[in-house]
Each structure stands twice: as C-alpha cells, then as structure tokens.
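Enquirer: Okay, handing you the structure first.
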Amino acid sequence: MQVGNFMHYISRFIAGFAIGFARVWQISLVTLSIVPLIAIAGGIYAYVATGLIARVRKSYVKAGEIAEEVSVLHSETVRFSTIFSFLLFLPLNKAVRSYRSALMNTYEYGKKGGLAKGLGLGSMHCVLFLSWALLVWFTSIIVHKKIANGGESFTTMLNVVIAGL
C-alpha cells in the first residue's frame, strides 16, 4: 500500500510539473519555489503532532495500569472478611490519586496537542493561502502582459499546485 501511494504521488508530482512547464513555465517556476514552504509547514506540524500523540498514549497506558492494579486488589479483598477488606481499601485513596494524576497528565498532553494541531494546521493553511494569493497575482500579470491567456494560466496554476500537494 505504501509503495502504491508513493508511486501515485511521485508520478502526480512529475506529470503535473512537466505539463505545467510545457504550458506556462513562468507560473510553474513560481509554484515550484512555493512547494518547499508548504512541505516544511506540514512536516513541522506532523513531527510535533506525532510526538504529542505518543505522549498521550503513554499517559493513557500508565492510567490503565493503575486502574488494573486497583481492580486486582479489589477482587482479592472481596474474598476476605469485612474488617480485613476495610484495611485493604485504605491504600485505595492513594491509587485514586495516582490514577487522577495520570489522567491529568493525559489531559495536559491533550491540551498541548490541540494547541499544536491548531497552530500547525493554521500555519500550514496560512502558507497555502498566501501561496495562492501570490500565484493568482502572478497569473494576472502573465495574462495582462499577454504571455498566456487566462485559461492556460489558470489551468497551469491548478495543475502545478495540485501536483505540489
């Protein structure tokens, strides 16, 4: 599956830019200079989000381990007498505090993950929309100077941008 996706994206990239350079090379050249910015913004977001997701998972695992310990302790105390059961439930408060602490860590990592996702996607979309603005402006200059007509220019712009994604 990964090899198929890789081949799909690489062939789309090469074909899109080949067609773009054959049609209106000026727009393709400007777009080619923008693609790394979009890739960098997306890569930084993916790197940060992946690290935070791993921390959230580890924190959930720790909370699950604490809950499982308490569950085993509870199932063993049910077999004994009432007084003995009462004495064994005294450490339960400590377990509840540990479980709550582990869940609070998960909550904090989740908040950081939400912030990272918002900033990452926001910056990636900012770069993307600013790139579109630059391309539309540059395309209008190409059309105004009669280097290419509007249809060719717009088709080249869309083709190359989609190939770059």
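Ordered as shown in the structure tokens, chains take letters A, B, and onward, while each chain numbers its residues from 1 and ligands are numbered from 1 in the order shown.
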List the neighbours of Gly110 in chain A out to 12 Å using only C-alpha atoms; skip same-chain residues closer than 6 positions along the sequence, and give me the result as a short mmCIF file (atom, residue, chain, number, x, y, z; two decimals) with N, CA, C and O atoms, in the first residue's frame.

Expert:
```cif
data_model
loop_
_atom_site.label_atom_id
_atom_site.label_comp_id
_atom_site.auth_asym_id
_atom_site.auth_seq_id
_atom_site.Cartn_x
_atom_site.Cartn_y
_atom_site.Cartn_z
N ALA A 49 2.97 16.92 16.18
CA ALA A 49 1.75 16.18 16.50
C ALA A 49 2.04 14.72 16.81
O ALA A 49 1.46 14.16 17.75
N GLY A 51 4.79 13.41 18.12
CA GLY A 51 5.39 13.32 19.46
C GLY A 51 4.36 13.48 20.56
O GLY A 51 4.38 12.75 21.56
N LEU A 52 3.43 14.42 20.39
CA LEU A 52 2.42 14.62 21.42
C LEU A 52 1.44 13.45 21.49
O LEU A 52 1.01 13.06 22.57
N ILE A 53 1.09 12.89 20.36
CA ILE A 53 0.19 11.73 20.35
C ILE A 53 0.84 10.55 21.07
O ILE A 53 0.18 9.84 21.82
N ALA A 54 2.14 10.36 20.88
CA ALA A 54 2.85 9.28 21.57
C ALA A 54 2.83 9.50 23.09
O ALA A 54 2.64 8.55 23.86
N ARG A 55 2.99 10.74 23.52
CA ARG A 55 2.95 11.04 24.96
C ARG A 55 1.56 10.78 25.54
O ARG A 55 1.44 10.27 26.65
N VAL A 56 0.53 11.14 24.79
CA VAL A 56 -0.84 10.91 25.26
C VAL A 56 -1.08 9.41 25.41
O VAL A 56 -1.65 8.96 26.41
N ARG A 57 -0.63 8.63 24.46
CA ARG A 57 -0.81 7.17 24.54
C ARG A 57 -0.08 6.58 25.75
O ARG A 57 -0.62 5.73 26.45
N LYS A 58 1.14 7.02 25.98
CA LYS A 58 1.89 6.52 27.13
C LYS A 58 1.19 6.87 28.43
O LYS A 58 1.12 6.06 29.36
N SER A 59 0.65 8.07 28.49
CA SER A 59 -0.05 8.51 29.69
C SER A 59 -1.32 7.68 29.92
O SER A 59 -1.65 7.32 31.05
N TYR A 60 -2.04 7.37 28.85
CA TYR A 60 -3.23 6.51 28.96
C TYR A 60 -2.84 5.11 29.43
O TYR A 60 -3.55 4.49 30.22
N LEU A 103 -4.32 10.70 34.65
CA LEU A 103 -5.30 11.24 33.71
C LEU A 103 -5.10 12.75 33.49
O LEU A 103 -5.32 13.25 32.40
N MET A 104 -4.65 13.45 34.53
CA MET A 104 -4.36 14.88 34.37
C MET A 104 -3.19 15.09 33.41
O MET A 104 -3.19 16.03 32.61
N ALA A 116 -0.99 22.49 19.41
CA ALA A 116 -0.05 22.21 18.32
C ALA A 116 -0.79 21.97 17.01
O ALA A 116 -0.36 22.43 15.96
N LYS A 117 -1.91 21.25 17.10
CA LYS A 117 -2.68 20.99 15.89
C LYS A 117 -3.25 22.29 15.32
O LYS A 117 -3.18 22.53 14.11
#
```

Enquirer: Would you mind reading off the distance between CA of Gly120 in chain A and CA of Val48 in chain A, one decimal, in Å?

Expert: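 Distance between the two atoms: 8.4 Å.
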
Enquirer: Would you work out the distance separating CA of Gly16 in chain A from CA of Ala163 in chain A, expressed in Å to one decimal?

Expert: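 It comes out at 4.9 Å.
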
Enquirer: If we count only C-alpha atoms and set the cut-off at 8 Å, which residues sit around Val160 in chain A, ignoring sequence neighbours fewer than 3 positions away in its own chain? Please answer as a list of chain:residue names.

Expert: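 That gives A:Phe13, A:Gly16, A:Phe17, A:Gly20, A:Ser28, A:Thr31, A:Thr156, A:Met157, A:Ala163, A:Gly164.
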
Enquirer: Find the residues around Ser153 in chain A up to 8 Å (only C-alpha atoms counted), leave out those fewer than 2 positions away in its own chain, and share them as a ChimeraX atom specification.

Expert: /A:24,27,139,142-143,148-151,155-157

Enquirer: For each of A:Ile44, A:Leu32, A:Ala102, A:Leu158, take the minimum atom-to-atom distance to Lys62 in chain A, counting only C-alpha atoms, then give the residue where this is smallest.

Expert: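 Checking each of A:Ile44, A:Leu32, A:Ala102, A:Leu158 against Lys62 in chain A, counting only C-alpha atoms, the winner is A:Ala102.
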